[in-house]
$ cat entry.tsv   # TSV, C-alpha atoms and all ligand atoms
chain	number	residue	atom	x	y	z
F	1	MET	CA	-19.68	-5.20	20.39
F	2	ILE	CA	-16.85	-2.88	19.24
F	3	GLU	CA	-14.71	-0.67	21.48
F	4	ALA	CA	-11.93	1.36	19.87
F	5	GLU	CA	-9.88	3.71	21.98
F	6	GLY	CA	-7.14	5.97	20.64
F	7	LEU	CA	-6.71	3.54	17.76
F	8	GLY	CA	-3.82	4.25	15.41
F	9	ARG	CA	-2.04	2.59	12.54
F	10	THR	CA	1.02	3.79	10.72
F	11	PHE	CA	2.77	2.39	7.67
F	12	LYS	CA	6.38	2.99	6.78
F	13	VAL	CA	6.68	3.83	3.11
F	14	ARG	CA	10.38	4.14	2.31
F	15	ARG	CA	11.51	6.86	4.72
F	16	THR	CA	8.15	8.41	5.47
F	17	VAL	CA	5.54	7.32	7.97
F	18	VAL	CA	1.93	7.30	6.78
F	19	HIS	CA	-0.64	7.80	9.54
F	20	ALA	CA	-3.52	5.82	8.06
F	21	VAL	CA	-5.57	5.90	11.30
F	22	LYS	CA	-4.92	8.35	14.10
F	23	ASP	CA	-6.37	8.47	17.61
F	24	LEU	CA	-9.70	6.95	16.57
F	25	SER	CA	-12.19	6.26	19.38
F	26	PHE	CA	-15.71	4.93	18.99
F	27	SER	CA	-17.93	2.14	20.21
F	28	VAL	CA	-20.72	0.14	18.59
F	29	GLU	CA	-23.42	-1.59	20.62
F	30	ALA	CA	-24.91	-4.98	19.77
F	31	GLY	CA	-27.72	-4.69	17.21
F	32	GLU	CA	-26.59	-1.35	15.73
F	33	PHE	CA	-26.34	-0.71	11.97
F	34	VAL	CA	-23.46	1.69	11.43
F	35	GLY	CA	-22.09	3.18	8.22
F	36	CYS	CA	-18.55	4.43	7.83
F	37	LEU	CA	-17.99	7.21	5.30
F	38	GLY	CA	-14.88	9.11	4.27
F	39	PRO	CA	-12.92	10.33	1.28
F	40	ASN	CA	-10.54	7.98	-0.56
F	41	GLY	CA	-7.54	7.26	1.63
F	42	ALA	CA	-9.32	8.40	4.83
F	43	GLY	CA	-8.48	5.20	6.70
F	44	LYS	CA	-11.74	3.22	6.49
F	45	SER	CA	-10.28	-0.03	5.15
F	46	THR	CA	-7.36	0.15	7.56
F	47	THR	CA	-9.87	0.49	10.40
F	48	ILE	CA	-11.84	-2.51	9.12
F	49	LYS	CA	-8.61	-4.51	8.86
F	50	MET	CA	-7.81	-3.72	12.50
F	51	LEU	CA	-11.36	-4.63	13.55
F	52	THR	CA	-11.09	-7.99	11.88
F	53	GLY	CA	-7.55	-8.79	13.04
F	54	ILE	CA	-5.96	-8.59	9.58
F	55	LEU	CA	-3.78	-5.70	10.78
F	56	ALA	CA	-2.54	-4.99	14.31
F	57	PRO	CA	-2.85	-1.40	15.57
F	58	THR	CA	0.35	0.55	16.15
F	59	ALA	CA	-1.40	2.65	18.84
F	60	GLY	CA	-4.43	2.46	21.09
F	61	ARG	CA	-6.59	-0.57	21.68
F	62	ILE	CA	-9.53	-2.32	20.11
F	63	GLN	CA	-11.92	-4.99	21.35
F	64	VAL	CA	-14.45	-6.77	19.17
F	65	ALA	CA	-16.93	-9.10	20.85
F	66	GLY	CA	-14.71	-8.85	23.92
F	67	LEU	CA	-11.63	-10.05	22.01
F	68	ASP	CA	-8.41	-8.41	20.87
F	69	PRO	CA	-8.75	-8.99	17.11
F	70	ALA	CA	-5.06	-9.27	16.16
F	71	ARG	CA	-4.29	-11.65	19.05
F	72	ARG	CA	-7.46	-13.75	18.96
F	73	ARG	CA	-8.08	-14.01	15.21
F	74	LYS	CA	-9.32	-17.60	15.32
F	75	ALA	CA	-11.74	-17.03	18.19
F	76	LEU	CA	-12.91	-13.80	16.59
F	77	ALA	CA	-13.55	-15.50	13.24
F	78	ARG	CA	-16.32	-17.52	14.89
F	79	ARG	CA	-18.03	-14.34	16.08
F	80	ILE	CA	-17.79	-12.16	12.96
F	81	GLY	CA	-18.51	-12.35	9.24
F	82	VAL	CA	-16.53	-10.22	6.81
F	83	VAL	CA	-17.19	-9.22	3.20
F	84	PHE	CA	-14.81	-7.19	1.06
F	85	GLY	CA	-16.79	-5.97	-1.96
F	86	GLN	CA	-13.68	-5.72	-4.12
F	87	ARG	CA	-12.44	-9.23	-3.30
F	88	THR	CA	-14.05	-12.60	-2.82
F	89	THR	CA	-13.47	-15.02	0.01
F	90	LEU	CA	-14.89	-17.83	-2.11
F	91	TRP	CA	-12.78	-20.45	-3.91
F	92	TRP	CA	-12.50	-19.23	-7.49
F	93	ASP	CA	-12.51	-22.57	-9.30
F	94	LEU	CA	-14.97	-24.42	-7.08
F	95	PRO	CA	-18.74	-24.49	-7.39
F	96	LEU	CA	-20.35	-22.10	-4.91
F	97	ARG	CA	-21.79	-25.04	-2.95
F	98	ASP	CA	-18.28	-26.48	-2.41
F	99	SER	CA	-17.02	-23.14	-1.09
F	100	PHE	CA	-19.84	-23.20	1.43
F	101	GLU	CA	-18.95	-26.77	2.44
F	102	LEU	CA	-15.30	-25.73	2.97
F	103	ILE	CA	-16.50	-22.86	5.15
F	104	ARG	CA	-18.59	-25.32	7.16
F	105	LEU	CA	-15.48	-27.45	7.76
F	106	LEU	CA	-13.29	-24.44	8.59
F	107	TYR	CA	-15.79	-23.06	11.09
F	108	LYS	CA	-16.74	-26.52	12.36
F	109	VAL	CA	-20.45	-25.80	11.92
F	110	ASP	CA	-22.72	-28.70	12.81
F	111	ARG	CA	-24.10	-30.41	9.64
F	112	VAL	CA	-27.76	-30.04	10.57
F	113	ARG	CA	-27.43	-26.40	11.60
F	114	PHE	CA	-25.44	-25.73	8.46
F	115	ALA	CA	-28.08	-27.32	6.20
F	116	GLU	CA	-30.80	-25.21	7.85
F	117	ARG	CA	-28.77	-22.04	7.57
F	118	LEU	CA	-27.83	-22.73	3.94
F	119	ALA	CA	-31.47	-23.38	3.05
F	120	GLU	CA	-32.41	-20.07	4.67
F	121	MET	CA	-29.64	-18.18	2.82
F	122	CYS	CA	-30.57	-19.80	-0.49
F	123	ALA	CA	-34.19	-18.75	-0.03
F	124	ILE	CA	-33.47	-15.17	0.99
F	125	LEU	CA	-30.61	-14.56	-1.45
F	126	ASP	CA	-32.04	-16.72	-4.25
F	127	LEU	CA	-28.83	-18.73	-4.66
F	128	GLY	CA	-30.45	-21.97	-5.83
F	129	GLY	CA	-29.86	-21.36	-9.55
F	130	PHE	CA	-26.09	-21.13	-9.31
F	131	LEU	CA	-25.00	-23.27	-6.36
F	132	ARG	CA	-23.27	-25.65	-8.79
F	133	THR	CA	-21.58	-22.89	-10.80
F	134	PRO	CA	-17.84	-22.25	-10.32
F	135	VAL	CA	-17.35	-18.92	-8.58
F	136	ARG	CA	-15.28	-17.57	-11.49
F	137	GLN	CA	-18.35	-17.88	-13.75
F	138	LEU	CA	-20.68	-15.90	-11.47
F	139	SER	CA	-21.74	-12.35	-12.24
F	140	LEU	CA	-20.67	-9.71	-9.72
F	141	GLY	CA	-24.18	-9.60	-8.23
F	142	GLN	CA	-24.36	-13.40	-7.91
F	143	ARG	CA	-20.86	-13.51	-6.42
F	144	MET	CA	-21.75	-10.84	-3.86
F	145	ARG	CA	-24.82	-12.82	-2.79
F	146	GLY	CA	-22.55	-15.85	-2.44
F	147	ASP	CA	-20.05	-13.86	-0.38
F	148	LEU	CA	-22.81	-12.57	1.91
F	149	ALA	CA	-24.12	-16.09	2.48
F	150	ALA	CA	-20.56	-17.34	3.12
F	151	ALA	CA	-20.02	-14.62	5.72
F	152	LEU	CA	-23.20	-15.54	7.56
F	153	LEU	CA	-23.27	-19.34	7.42
F	154	HIS	CA	-21.73	-19.62	10.89
F	155	ASP	CA	-24.32	-17.15	12.27
F	156	PRO	CA	-21.93	-14.43	13.48
F	157	ASP	CA	-22.91	-11.66	15.91
F	158	LEU	CA	-21.18	-8.98	13.85
F	159	LEU	CA	-21.06	-8.49	10.10
F	160	VAL	CA	-18.32	-6.21	8.75
F	161	LEU	CA	-18.63	-5.10	5.15
F	162	ASP	CA	-16.15	-3.11	3.08
F	163	GLU	CA	-18.06	-1.55	0.13
F	164	PRO	CA	-20.62	-4.37	-0.22
F	165	THR	CA	-22.59	-2.74	-3.04
F	166	ILE	CA	-19.67	-1.62	-5.22
F	167	GLY	CA	-20.34	-2.29	-8.90
F	168	LEU	CA	-23.85	-3.66	-8.38
F	169	ASP	CA	-26.80	-2.59	-10.52
F	170	VAL	CA	-29.75	-0.88	-8.83
F	171	VAL	CA	-31.79	-4.06	-8.51
F	172	SER	CA	-28.89	-6.09	-7.06
F	173	LYS	CA	-28.09	-3.23	-4.70
F	174	ALA	CA	-31.68	-3.14	-3.48
F	175	GLY	CA	-31.57	-6.91	-2.90
F	176	VAL	CA	-28.34	-6.70	-0.89
F	177	ARG	CA	-29.69	-3.79	1.16
F	178	GLU	CA	-32.94	-5.59	1.90
F	179	PHE	CA	-31.00	-8.67	2.96
F	180	LEU	CA	-28.76	-6.68	5.33
F	181	LEU	CA	-31.74	-4.91	6.90
F	182	ARG	CA	-33.43	-8.25	7.41
F	183	MET	CA	-30.40	-9.84	9.08
F	184	ASN	CA	-30.12	-6.81	11.37
F	185	ALA	CA	-33.83	-6.69	12.24
F	186	GLU	CA	-34.63	-10.39	12.48
F	187	ARG	CA	-31.41	-11.88	13.80
F	188	GLY	CA	-30.10	-8.83	15.62
F	189	THR	CA	-26.82	-9.08	13.68
F	190	THR	CA	-24.73	-5.98	14.32
F	191	VAL	CA	-23.61	-4.45	11.01
F	192	LEU	CA	-20.71	-2.12	10.30
F	193	LEU	CA	-20.14	-1.17	6.68
F	194	THR	CA	-17.93	1.20	4.73
F	195	THR	CA	-19.27	2.64	1.52
F	196	HIS	CA	-18.99	5.45	-0.99
F	197	ASP	CA	-22.62	4.84	-1.94
F	198	LEU	CA	-24.73	7.39	-0.12
F	199	GLY	CA	-27.84	5.34	-0.92
F	200	ASP	CA	-26.40	2.67	1.40
F	201	ILE	CA	-26.04	5.27	4.12
F	202	GLU	CA	-29.51	6.76	3.67
F	203	LYS	CA	-31.34	3.46	3.29
F	204	LEU	CA	-29.50	1.38	5.84
F	205	CYS	CA	-27.62	3.21	8.52
F	206	ARG	CA	-29.11	4.64	11.65
F	207	ARG	CA	-25.69	5.92	12.58
F	208	VAL	CA	-22.81	7.31	10.51
F	209	LEU	CA	-19.12	7.56	11.36
F	210	LEU	CA	-17.27	10.01	9.15
F	211	ILE	CA	-13.54	9.37	8.95
F	212	ASP	CA	-11.17	12.01	7.65
F	213	HIS	CA	-7.38	11.78	7.59
F	214	GLY	CA	-7.62	8.76	9.85
F	215	ARG	CA	-9.62	10.59	12.53
F	216	LEU	CA	-13.27	10.56	13.52
F	217	ALA	CA	-14.80	13.72	12.09
F	218	PHE	CA	-18.46	12.96	12.84
F	219	ASP	CA	-20.45	10.35	14.76
F	220	GLY	CA	-24.23	10.66	14.65
F	221	SER	CA	-27.40	10.20	12.64
F	222	VAL	CA	-27.87	10.88	8.93
F	223	ALA	CA	-30.01	13.88	9.96
F	224	GLY	CA	-27.12	15.12	12.10
F	225	LEU	CA	-24.74	14.70	9.15
F	226	ARG	CA	-27.05	16.77	6.94
F	227	ALA	CA	-27.17	19.47	9.62
F	228	LEU	CA	-23.40	19.96	9.27
F	229	VAL	CA	-24.11	21.79	6.01
F	230	PRO	CA	-27.10	24.04	6.70
F	231	GLY	CA	-29.35	24.67	3.76
F	232	GLU	CA	-28.38	21.54	1.82
F	233	THR	CA	-30.97	18.81	1.50
F	234	SER	CA	-29.19	16.45	-0.90
F	235	ILE	CA	-26.96	14.02	0.97
F	236	GLU	CA	-24.60	13.93	-2.06
F	237	GLU	CA	-24.18	17.69	-1.84
F	238	VAL	CA	-23.71	17.60	1.93
F	239	VAL	CA	-21.00	14.96	1.70
F	240	THR	CA	-19.33	16.66	-1.29
F	241	ARG	CA	-19.12	19.90	0.65
F	242	LEU	CA	-17.76	18.15	3.72
F	243	TYR	CA	-15.11	16.32	1.69
F	244	LEU	CA	-14.13	19.56	-0.04
F	245	SER	CA	-13.77	21.24	3.35
F	246	SER	CA	-11.37	18.51	4.43
F	247	THR	CA	-7.90	19.98	4.77
F	248	PRO	CA	-4.47	18.33	4.61
F	249	ALA	CA	-3.39	16.21	7.56
F	250	GLY	CA	-2.27	18.34	10.49
F	251	SER	CA	-4.93	21.05	9.94
F	252	PRO	CA	-8.46	21.13	11.37
F	253	ARG	CA	-10.57	18.32	9.91
F	254	ILE	CA	-13.99	18.21	8.37
F	255	ARG	CA	-16.05	20.73	10.30
F	256	PRO	CA	-19.55	22.23	10.20
F	257	LEU	CA	-19.88	24.78	7.40
F	258	PRO	CA	-21.80	28.06	7.49
F	259	PRO	CA	-25.09	28.12	5.55
F	260	ALA	CA	-24.58	28.22	1.76
F	261	ASP	CA	-25.85	31.84	1.57
F	262	ASP	CA	-23.24	33.07	4.09
F	263	ARG	CA	-20.36	31.51	2.26
F	264	PRO	CA	-18.14	33.71	0.10
F	265	SER	CA	-18.46	32.64	-3.54
F	266	GLY	CA	-15.96	29.98	-4.55
F	267	THR	CA	-15.77	28.54	-1.04
F	268	ALA	CA	-16.48	24.85	-0.76
R	1	LIG	N1	-0.26	-1.48	3.36
R	1	LIG	C1	-0.11	-0.16	3.28
R	1	LIG	N2	1.10	0.37	3.13
R	1	LIG	C2	1.27	1.71	3.07
R	1	LIG	N3	0.25	2.62	3.13
R	1	LIG	C3	-0.98	2.12	3.27
R	1	LIG	C4	-1.24	0.72	3.35
R	1	LIG	N4	-2.58	0.55	3.49
R	1	LIG	C5	-3.13	1.77	3.49
R	1	LIG	N5	-2.18	2.72	3.36
R	1	LIG	C6	-2.39	4.18	3.35
R	1	LIG	O1	-3.20	4.50	4.46
R	1	LIG	C7	-4.14	5.52	4.11
R	1	LIG	C8	-5.55	5.01	4.37
R	1	LIG	O2	-5.84	3.96	3.44
R	1	LIG	P1	-7.22	3.14	3.50
R	1	LIG	O3	-7.12	2.10	2.45
R	1	LIG	O4	-7.48	2.74	4.89
R	1	LIG	O5	-8.26	4.27	3.08
R	1	LIG	P2	-9.80	4.14	2.68
R	1	LIG	O6	-10.52	5.16	3.48
R	1	LIG	O7	-10.25	2.73	2.83
R	1	LIG	O8	-9.76	4.56	1.16
R	1	LIG	P3	-10.71	4.15	-0.10
R	1	LIG	O9	-12.02	4.80	0.12
R	1	LIG	O10	-9.96	4.74	-1.25
R	1	LIG	O11	-10.76	2.64	-0.13
R	1	LIG	C9	-3.87	5.88	2.66
R	1	LIG	O12	-2.99	6.98	2.64
R	1	LIG	C10	-3.15	4.64	2.12
R	1	LIG	O13	-2.27	4.96	1.08
$ encode --input "entry.tsv" --output "C-alpha cells" --more "lines below"
Ligand SMILES: Nc1ncnc2c1ncn2[C@@H]1O[C@H](COP(=O)(O)OP(=O)(O)OP(=O)(O)O)[C@@H](O)[C@H]1O
Amino acid sequence: MIEAEGLGRTFKVRRTVVHAVKDLSFSVEAGEFVGCLGPNGAGKSTTIKMLTGILAPTAGRIQVAGLDPARRRKALARRIGVVFGQRTTLWWDLPLRDSFELIRLLYKVDRVRFAERLAEMCAILDLGGFLRTPVRQLSLGQRMRGDLAAALLHDPDLLVLDEPTIGLDVVSKAGVREFLLRMNAERGTTVLLTTHDLGDIEKLCRRVLLIDHGRLAFDGSVAGLRALVPGETSIEEVVTRLYLSSTPAGSPRIRPLPPADDRPSGTA
C-alpha cells in the first residue's frame, strides 16, 4: 500500500536548508495498522504530507496505492482518506450534512452507495444529532467524528491520520479508537496515524515507526519498542527515555539504551 525509499524533503529557510525528512525507507502492507511516533519537529507531518501528495519529495521516491502522490493527487484522493486532527476539511459555515454532500460531489460517489455509507457512518459515529449543525458550532469531539466520516465516505483503501485524538476527552478518544479498529478489522482499511498519545499507540497499533531527525529510528512492534529500554515497563517512560537519548542532527539517532541500573546517574 505504501512504499517509501530514500525519501527526503528539505525546506529552504532564508539561507539555511532544513532537512525535515532524510533518507526514510519503509513499506506498509494492505490491512496494516501503523503508528508513527517521534519528538516535535521529527518529520512526521512532512512525511504524511508527502504520502498524501500535499508536498513533493526533494529526494527518493514514494508510491501509495501504486501511485506517485505528488503527480497523481486526483487519482490518489479516490484511494485515500486523510484527517488532520488540528485542522478540519469540513466547510466551516455549512451544516455537517452539506459538507458530506459536497464531498459526495467532489468524489463523484454514486447517490445510493453514498446514502448507505452515510447511514453506516451516522450509526457507528452517532452523528445523527448534529448533521444539521454548522461545523463551526460543533464541539471538537463532534467535529472529529464528522471529519472521520468525511474521510471515509468514498470508502478509501488507506486512511492517513495526523494526530486524530488531539484535544479529545477520554470518552471521545475511546470512541474514535474503537471506530478506527472497526474500520481496520471489518473493512480491511489500512491505517497510518501519527500521534503523541501513547494510548493510541498501545491500543491501536500493531506496528510502530519511530521517526527522529527525519530518519527512521525504529520499525517494529510495541513490545519491540519497549525492549529498547530494558527494565522500563511504562510506555511513557520508554518513549521519554528514547526522546531524551535523541541527539542533534548529524549524530547517532535514537538507539537502544542500557538497562536503567547500568546507567550512570543523570544519564537519560
Ligand atoms: N513549510 C516548512 N518550511 C520550513 N520548515 C518546515 C516546514 N514544514 C516543516 N518544517 C520543518 O521541518 C521539520 C519537521 O517538521 P514536521 O512538522 O514534519 O515535524 P513533526 O514531527 O510533525 O512535528 P510535531 O510533532 O511538532 O507536529 C521541523 O524542523 C520543521 O520546522
$ residues_near_ligand --input "entry.tsv" --ligand "ligand LIG 1 (chain R)" --cutoff "8 Å" --atoms "all atoms listed in the file" --output "PyMOL selection string"
chain F and resi 10-13+18-21+37-47+195-196+211+213-214
$ residues_around --input "entry.tsv" --residues "region 148-161 of chain F" --least-positions-apart "2" --cutoff "6 Å" --atoms "all atoms listed in the file" --output "list in words"
Arg79, Ile80, Gly81, Val82, Val83, Phe84, Met121, Arg145, Gly146, Pro164, Thr189, Thr190, Val191, Leu192 and Leu193 of chain F
$ closest_residue --input "entry.tsv" --among "F:Arg182, F:Arg9, F:Arg206, F:Arg187" --to "Ile124 (chain F)" --atoms "all atoms listed in the file"
F:Arg182
$ closest_residue --input "entry.tsv" --among "F:Leu125, F:Glu5, F:Thr194, F:Arg113" --to "Glu178 (chain F)" --atoms "only C-alpha atoms"
F:Leu125
$ atom_distance --input "entry.tsv" --atom1 "CA of Ser246 (chain F)" --atom2 "CA of Lys22 (chain F)"
15.4 Å
$ atom_distance --input "entry.tsv" --atom1 "CA of Val17 (chain F)" --atom2 "CA of Ala56 (chain F)"
16.0 Å
$ residues_around --input "entry.tsv" --residues "region 223-227 of chain F" --least-positions-apart "3" --cutoff "10 Å" --atoms "only C-alpha atoms" --output "VMD selection string"
chain F and resid 202 206 to 210 218 to 220 230 to 239 242 256 to 257 259
$ residues_around --input "entry.tsv" --residues "Asp98 (chain F)" --least-positions-apart "6" --cutoff "10 Å" --atoms "only C-alpha atoms" --output "PyMOL selection string"
chain F and resi 90-91+104+131-135
$ closest_residue --input "entry.tsv" --among "F:Met144, F:Leu181, F:Glu186, F:Leu106" --to "Asp169 (chain F)" --atoms "only C-alpha atoms"
F:Met144
$ atom_distance --input "entry.tsv" --atom1 "CA of Ser25 (chain F)" --atom2 "CA of Arg87 (chain F)"
27.5 Å
$ decode --input "entry.tsv" --residues "region 112-148 of chain F" --atoms "N, CA and C atoms" --output "PDB file, in the first residue's frame"
ATOM      1  N   VAL F 112     -26.727   6.235  -4.265  1.00  0.00           N
ATOM      2  CA  VAL F 112     -27.220   5.118  -3.446  1.00  0.00           C
ATOM      3  C   VAL F 112     -26.107   4.625  -2.517  1.00  0.00           C
ATOM      4  N   ARG F 113     -24.929   4.447  -3.094  1.00  0.00           N
ATOM      5  CA  ARG F 113     -23.786   3.987  -2.275  1.00  0.00           C
ATOM      6  C   ARG F 113     -23.480   4.990  -1.167  1.00  0.00           C
ATOM      7  N   PHE F 114     -23.590   6.276  -1.546  1.00  0.00           N
ATOM      8  CA  PHE F 114     -23.307   7.336  -0.590  1.00  0.00           C
ATOM      9  C   PHE F 114     -24.307   7.296   0.577  1.00  0.00           C
ATOM     10  N   ALA F 115     -25.586   7.135   0.230  1.00  0.00           N
ATOM     11  CA  ALA F 115     -26.625   7.113   1.272  1.00  0.00           C
ATOM     12  C   ALA F 115     -26.381   5.940   2.228  1.00  0.00           C
ATOM     13  N   GLU F 116     -26.004   4.789   1.667  1.00  0.00           N
ATOM     14  CA  GLU F 116     -25.728   3.614   2.516  1.00  0.00           C
ATOM     15  C   GLU F 116     -24.534   3.877   3.436  1.00  0.00           C
ATOM     16  N   ARG F 117     -23.513   4.433   2.833  1.00  0.00           N
ATOM     17  CA  ARG F 117     -22.274   4.680   3.580  1.00  0.00           C
ATOM     18  C   ARG F 117     -22.516   5.720   4.690  1.00  0.00           C
ATOM     19  N   LEU F 118     -23.277   6.773   4.335  1.00  0.00           N
ATOM     20  CA  LEU F 118     -23.554   7.828   5.315  1.00  0.00           C
ATOM     21  C   LEU F 118     -24.373   7.264   6.481  1.00  0.00           C
ATOM     22  N   ALA F 119     -25.348   6.402   6.149  1.00  0.00           N
ATOM     23  CA  ALA F 119     -26.169   5.800   7.198  1.00  0.00           C
ATOM     24  C   ALA F 119     -25.279   4.968   8.132  1.00  0.00           C
ATOM     25  N   GLU F 120     -24.336   4.256   7.535  1.00  0.00           N
ATOM     26  CA  GLU F 120     -23.432   3.415   8.327  1.00  0.00           C
ATOM     27  C   GLU F 120     -22.561   4.294   9.240  1.00  0.00           C
ATOM     28  N   MET F 121     -22.011   5.374   8.664  1.00  0.00           N
ATOM     29  CA  MET F 121     -21.154   6.283   9.445  1.00  0.00           C
ATOM     30  C   MET F 121     -21.944   6.948  10.579  1.00  0.00           C
ATOM     31  N   CYS F 122     -23.181   7.351  10.249  1.00  0.00           N
ATOM     32  CA  CYS F 122     -24.016   8.009  11.266  1.00  0.00           C
ATOM     33  C   CYS F 122     -24.275   7.054  12.425  1.00  0.00           C
ATOM     34  N   ALA F 123     -24.515   5.782  12.091  1.00  0.00           N
ATOM     35  CA  ALA F 123     -24.803   4.809  13.148  1.00  0.00           C
ATOM     36  C   ALA F 123     -23.562   4.556  13.995  1.00  0.00           C
ATOM     37  N   ILE F 124     -22.437   4.335  13.344  1.00  0.00           N
ATOM     38  CA  ILE F 124     -21.229   3.984  14.120  1.00  0.00           C
ATOM     39  C   ILE F 124     -20.712   5.194  14.900  1.00  0.00           C
ATOM     40  N   LEU F 125     -20.734   6.373  14.254  1.00  0.00           N
ATOM     41  CA  LEU F 125     -20.134   7.552  14.895  1.00  0.00           C
ATOM     42  C   LEU F 125     -21.174   8.414  15.617  1.00  0.00           C
ATOM     43  N   ASP F 126     -22.429   7.984  15.577  1.00  0.00           N
ATOM     44  CA  ASP F 126     -23.502   8.690  16.274  1.00  0.00           C
ATOM     45  C   ASP F 126     -23.558  10.167  15.853  1.00  0.00           C
ATOM     46  N   LEU F 127     -23.687  10.387  14.548  1.00  0.00           N
ATOM     47  CA  LEU F 127     -23.669  11.746  14.005  1.00  0.00           C
ATOM     48  C   LEU F 127     -25.070  12.356  13.885  1.00  0.00           C
ATOM     49  N   GLY F 128     -26.091  11.512  14.039  1.00  0.00           N
ATOM     50  CA  GLY F 128     -27.465  11.917  13.738  1.00  0.00           C
ATOM     51  C   GLY F 128     -27.891  13.213  14.408  1.00  0.00           C
ATOM     52  N   GLY F 129     -27.457  13.440  15.635  1.00  0.00           N
ATOM     53  CA  GLY F 129     -27.909  14.598  16.415  1.00  0.00           C
ATOM     54  C   GLY F 129     -27.368  15.929  15.927  1.00  0.00           C
ATOM     55  N   PHE F 130     -26.347  15.920  15.102  1.00  0.00           N
ATOM     56  CA  PHE F 130     -25.780  17.217  14.696  1.00  0.00           C
ATOM     57  C   PHE F 130     -25.484  17.316  13.194  1.00  0.00           C
ATOM     58  N   LEU F 131     -26.185  16.511  12.401  1.00  0.00           N
ATOM     59  CA  LEU F 131     -25.992  16.584  10.944  1.00  0.00           C
ATOM     60  C   LEU F 131     -26.405  17.935  10.374  1.00  0.00           C
ATOM     61  N   ARG F 132     -27.373  18.598  11.052  1.00  0.00           N
ATOM     62  CA  ARG F 132     -27.850  19.889  10.544  1.00  0.00           C
ATOM     63  C   ARG F 132     -27.152  21.081  11.193  1.00  0.00           C
ATOM     64  N   THR F 133     -26.170  20.795  12.032  1.00  0.00           N
ATOM     65  CA  THR F 133     -25.465  21.877  12.744  1.00  0.00           C
ATOM     66  C   THR F 133     -24.283  22.384  11.908  1.00  0.00           C
ATOM     67  N   PRO F 134     -24.129  23.732  11.808  1.00  0.00           N
ATOM     68  CA  PRO F 134     -22.946  24.239  11.099  1.00  0.00           C
ATOM     69  C   PRO F 134     -21.672  23.756  11.794  1.00  0.00           C
ATOM     70  N   VAL F 135     -20.675  23.440  10.993  1.00  0.00           N
ATOM     71  CA  VAL F 135     -19.446  22.849  11.526  1.00  0.00           C
ATOM     72  C   VAL F 135     -18.826  23.745  12.609  1.00  0.00           C
ATOM     73  N   ARG F 136     -18.930  25.078  12.415  1.00  0.00           N
ATOM     74  CA  ARG F 136     -18.299  25.976  13.398  1.00  0.00           C
ATOM     75  C   ARG F 136     -18.928  25.855  14.791  1.00  0.00           C
ATOM     76  N   GLN F 137     -20.150  25.317  14.866  1.00  0.00           N
ATOM     77  CA  GLN F 137     -20.815  25.174  16.172  1.00  0.00           C
ATOM     78  C   GLN F 137     -20.577  23.812  16.823  1.00  0.00           C
ATOM     79  N   LEU F 138     -19.829  22.941  16.150  1.00  0.00           N
ATOM     80  CA  LEU F 138     -19.616  21.600  16.718  1.00  0.00           C
ATOM     81  C   LEU F 138     -18.511  21.635  17.774  1.00  0.00           C
ATOM     82  N   SER F 139     -18.628  20.749  18.755  1.00  0.00           N
ATOM     83  CA  SER F 139     -17.535  20.591  19.720  1.00  0.00           C
ATOM     84  C   SER F 139     -16.392  19.886  18.993  1.00  0.00           C
ATOM     85  N   LEU F 140     -15.208  19.906  19.599  1.00  0.00           N
ATOM     86  CA  LEU F 140     -14.053  19.266  18.956  1.00  0.00           C
ATOM     87  C   LEU F 140     -14.318  17.778  18.694  1.00  0.00           C
ATOM     88  N   GLY F 141     -14.924  17.111  19.679  1.00  0.00           N
ATOM     89  CA  GLY F 141     -15.204  15.674  19.536  1.00  0.00           C
ATOM     90  C   GLY F 141     -16.205  15.408  18.413  1.00  0.00           C
ATOM     91  N   GLN F 142     -17.239  16.255  18.336  1.00  0.00           N
ATOM     92  CA  GLN F 142     -18.241  16.089  17.268  1.00  0.00           C
ATOM     93  C   GLN F 142     -17.598  16.356  15.913  1.00  0.00           C
ATOM     94  N   ARG F 143     -16.768  17.403  15.866  1.00  0.00           N
ATOM     95  CA  ARG F 143     -16.115  17.777  14.608  1.00  0.00           C
ATOM     96  C   ARG F 143     -15.184  16.656  14.124  1.00  0.00           C
ATOM     97  N   MET F 144     -14.469  16.055  15.085  1.00  0.00           N
ATOM     98  CA  MET F 144     -13.561  14.969  14.707  1.00  0.00           C
ATOM     99  C   MET F 144     -14.338  13.784  14.143  1.00  0.00           C
ATOM    100  N   ARG F 145     -15.487  13.483  14.758  1.00  0.00           N
ATOM    101  CA  ARG F 145     -16.317  12.385  14.224  1.00  0.00           C
ATOM    102  C   ARG F 145     -16.784  12.733  12.811  1.00  0.00           C
ATOM    103  N   GLY F 146     -17.129  14.004  12.614  1.00  0.00           N
ATOM    104  CA  GLY F 146     -17.527  14.457  11.272  1.00  0.00           C
ATOM    105  C   GLY F 146     -16.381  14.328  10.283  1.00  0.00           C
ATOM    106  N   ASP F 147     -15.177  14.705  10.709  1.00  0.00           N
ATOM    107  CA  ASP F 147     -14.007  14.619   9.831  1.00  0.00           C
ATOM    108  C   ASP F 147     -13.695  13.170   9.462  1.00  0.00           C
ATOM    109  N   LEU F 148     -13.840  12.269  10.456  1.00  0.00           N
ATOM    110  CA  LEU F 148     -13.576  10.852  10.183  1.00  0.00           C
ATOM    111  C   LEU F 148     -14.577  10.312   9.159  1.00  0.00           C
TER     112      LEU F 148
END
